[in-house]
Each structure stands twice: as C-alpha cells, then as structure tokens.
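**Q** My structure is stored as coords.cif, with mmCIF, C-alpha atoms.
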```cif
data_coords
loop_
_atom_site.group_PDB
_atom_site.id
_atom_site.type_symbol
_atom_site.label_atom_id
_atom_site.label_comp_id
_atom_site.auth_asym_id
_atom_site.auth_seq_id
_atom_site.Cartn_x
_atom_site.Cartn_y
_atom_site.Cartn_z
ATOM 1 C CA MET I 1 13.131 -25.214 7.377
ATOM 2 C CA ALA I 2 10.937 -24.516 4.337
ATOM 3 C CA HIS I 3 7.268 -25.375 4.476
ATOM 4 C CA LEU I 4 6.524 -27.346 1.305
ATOM 5 C CA MET I 5 3.017 -27.723 -0.089
ATOM 6 C CA ASN I 6 1.757 -30.144 -2.719
ATOM 7 C CA ILE I 7 -0.605 -29.232 -5.574
ATOM 8 C CA LYS I 8 -3.742 -29.893 -3.519
ATOM 9 C CA GLU I 9 -2.500 -27.790 -0.587
ATOM 10 C CA LEU I 10 -1.399 -24.943 -2.867
ATOM 11 C CA ALA I 11 -4.734 -24.941 -4.692
ATOM 12 C CA ALA I 12 -6.548 -24.772 -1.346
ATOM 13 C CA TYR I 13 -4.214 -22.017 -0.112
ATOM 14 C CA LEU I 14 -4.839 -19.915 -3.238
ATOM 15 C CA LYS I 15 -8.527 -20.942 -3.435
ATOM 16 C CA LEU I 16 -8.044 -22.243 -6.974
ATOM 17 C CA GLU I 17 -8.655 -25.504 -8.797
ATOM 18 C CA LYS I 18 -5.747 -27.942 -9.001
ATOM 19 C CA GLN I 19 -5.934 -27.719 -12.804
ATOM 20 C CA THR I 20 -5.187 -23.988 -12.611
ATOM 21 C CA ILE I 21 -1.950 -24.750 -10.754
ATOM 22 C CA TYR I 22 -1.003 -27.352 -13.385
ATOM 23 C CA ASN I 23 -1.797 -24.831 -16.139
ATOM 24 C CA TRP I 24 0.356 -22.170 -14.480
ATOM 25 C CA LEU I 25 3.232 -24.640 -14.161
ATOM 26 C CA HIS I 26 2.932 -25.527 -17.845
ATOM 27 C CA GLU I 27 2.798 -21.822 -18.780
ATOM 28 C CA LYS I 28 5.715 -21.078 -16.400
ATOM 29 C CA LYS I 29 3.619 -18.541 -14.476
ATOM 30 C CA ILE I 30 4.561 -20.134 -11.153
ATOM 31 C CA SER I 31 7.666 -21.978 -9.987
ATOM 32 C CA GLY I 32 7.732 -25.298 -8.213
ATOM 33 C CA ILE I 33 10.028 -28.117 -7.218
ATOM 34 C CA LYS I 34 9.423 -31.461 -8.889
ATOM 35 C CA ILE I 35 10.488 -34.408 -6.747
ATOM 36 C CA GLY I 36 10.014 -37.560 -8.785
ATOM 37 C CA HIS I 37 6.511 -37.182 -10.197
ATOM 38 C CA VAL I 38 5.254 -34.905 -7.418
ATOM 39 C CA TRP I 39 5.276 -31.096 -7.434
ATOM 40 C CA ARG I 40 6.133 -29.206 -4.244
ATOM 41 C CA PHE I 41 5.908 -25.488 -3.532
ATOM 42 C CA ASP I 42 7.774 -23.488 -0.895
ATOM 43 C CA LYS I 43 5.151 -21.434 0.967
ATOM 44 C CA ASP I 44 7.580 -18.532 1.497
ATOM 45 C CA ALA I 45 8.369 -18.461 -2.235
ATOM 46 C CA VAL I 46 4.635 -18.581 -3.056
ATOM 47 C CA ASP I 47 3.956 -15.688 -0.664
ATOM 48 C CA LYS I 48 6.786 -13.679 -2.257
ATOM 49 C CA TRP I 49 5.414 -14.475 -5.744
ATOM 50 C CA LEU I 50 1.916 -13.392 -4.637
ATOM 51 C CA LYS I 51 3.254 -10.105 -3.329
ATOM 52 C CA ALA I 52 5.017 -9.497 -6.656
ATOM 53 C CA GLN I 53 1.689 -10.041 -8.469
ATOM 54 C CA THR I 54 -0.017 -7.272 -6.499
ATOM 55 C CA VAL I 55 -1.342 -4.348 -8.521
ATOM 56 C CA ASN I 56 -1.402 -1.173 -6.473
ATOM 57 C CA ALA I 57 -4.306 1.225 -6.766
ATOM 58 C CA ASN I 58 -3.586 4.808 -7.761
ATOM 59 C CA PRO I 59 -4.493 6.968 -4.737
ATOM 60 C CA HIS I 60 -4.831 10.017 -6.985
ATOM 61 C CA ASN I 61 -7.477 8.994 -9.461
ATOM 62 C CA ASN I 62 -6.838 11.125 -12.544
ATOM 63 C CA ARG I 63 -9.813 9.706 -14.430
ATOM 64 C CA LYS I 64 -12.042 12.674 -13.580
ATOM 65 C CA LYS I 65 -9.372 15.131 -14.767
ATOM 66 C CA SER I 66 -8.799 13.299 -18.046
ATOM 67 C CA ILE I 67 -12.552 13.080 -18.751
ATOM 68 C CA SER I 68 -13.058 16.818 -18.238
ATOM 69 C CA LYS I 69 -9.912 17.500 -20.292
ATOM 70 C CA ASN I 70 -11.290 15.370 -23.151
ATOM 71 C CA ILE I 71 -14.654 17.159 -22.977
ATOM 72 C CA LYS I 72 -12.943 20.561 -23.168
ATOM 73 C CA HIS I 73 -10.793 19.361 -26.056
ATOM 74 C CA SER I 74 -13.797 18.006 -27.980
ATOM 75 C CA ARG I 75 -15.701 21.264 -27.485
ATOM 76 C CA THR I 76 -12.857 23.309 -28.943
ATOM 77 C CA ALA I 77 -12.659 20.947 -31.908
ATOM 78 C CA LEU I 78 -16.246 21.759 -32.883
#
```
Go ahead and render the structure in this file as structure tokens.
**A**
Amino acid sequence: MAHLMNIKELAAYLKLEKQTIYNWLHEKKISGIKIGHVWRFDKDAVDKWLKAQTVNANPHNNRKKSISKNIKHSRTAL
C-alpha cells in the first residue's frame, strides 16, 4: 500500500516551507493527488521524482584543460 503524505509532511520530508510545495504544485514542478481540498503525495513517487532531479558530477573535470586551452589560444591570437 502506498504511503501518502500531506503538504506538511512533504515539506518536512524535503526540509522546505509548505509554501514552496504549493508553489511547485502551481508551477507543475511536482505531482500530487488532490482529494477534496487536501493534497496528498505518494512517498515512492516523491522519491522517484527526487532521484530524477539529481545532477551528477563529472568525474573527469575538464575545466583545467579548457582553461589552459583558452590561454594557449589567446597567446597565439596576440
């Protein structure tokens, strides 16, 4: 059976203000189930949504290479 959370529980779970959850609902950034006048959120669906929001770090940081490449390029332009 699905574990449903209300706005207050979801805000606590995500460590956000309740207003942020309402804003996200209005902006369609997060999905919920509206039962009457009360919003409910499936914890499994929230966890899946959170995982989809993850930004992975690049293990091979190419910043150093691109900086030295730009320096070499700017020197040859002089």
**Q** What does the distance between atom CA of I:Thr54 and atom CA of I:Lys34 come to in Å, to one decimal place?
**A**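 Interatomic distance here is 26.1 Å.
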**Q** At a cut-off of 7 Å, using all atoms listed in the file, what residues contact stretch 35-42 of chain I? Leave out same-chain residues fewer than 2 positions from it and give the result as a list in words.
**A**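 The residues that qualify are Ala2, His3, Leu4, Met5, Asn6, Ile7, Gly32, Ile33, Asp44, Ala45 and Val46 of chain I.
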**Q** Could you tell me how far atom CA of I:Val55 lies from atom CA of I:Glu27, in Å and to one decimal?
**A**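 According to the coordinates, atom CA of I:Val55 and atom CA of I:Glu27 are separated by 20.7 Å.
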**Q** Which value, in Å to one decimal, gives the distance between atom CA of I:Leu14 and atom CA of I:Pro59?
**A**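 Going from atom CA of I:Leu14 over to atom CA of I:Pro59, I get 26.9 Å.
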**Q** Need to verify the contact set: stretch 18-26 of chain I, 7 Å, all atoms listed in the file, exclusion of same-chain residues closer than 5 positions in sequence. Can you return it as a PyMOL selection string?
**A** chain I and resi 7-8+11+31
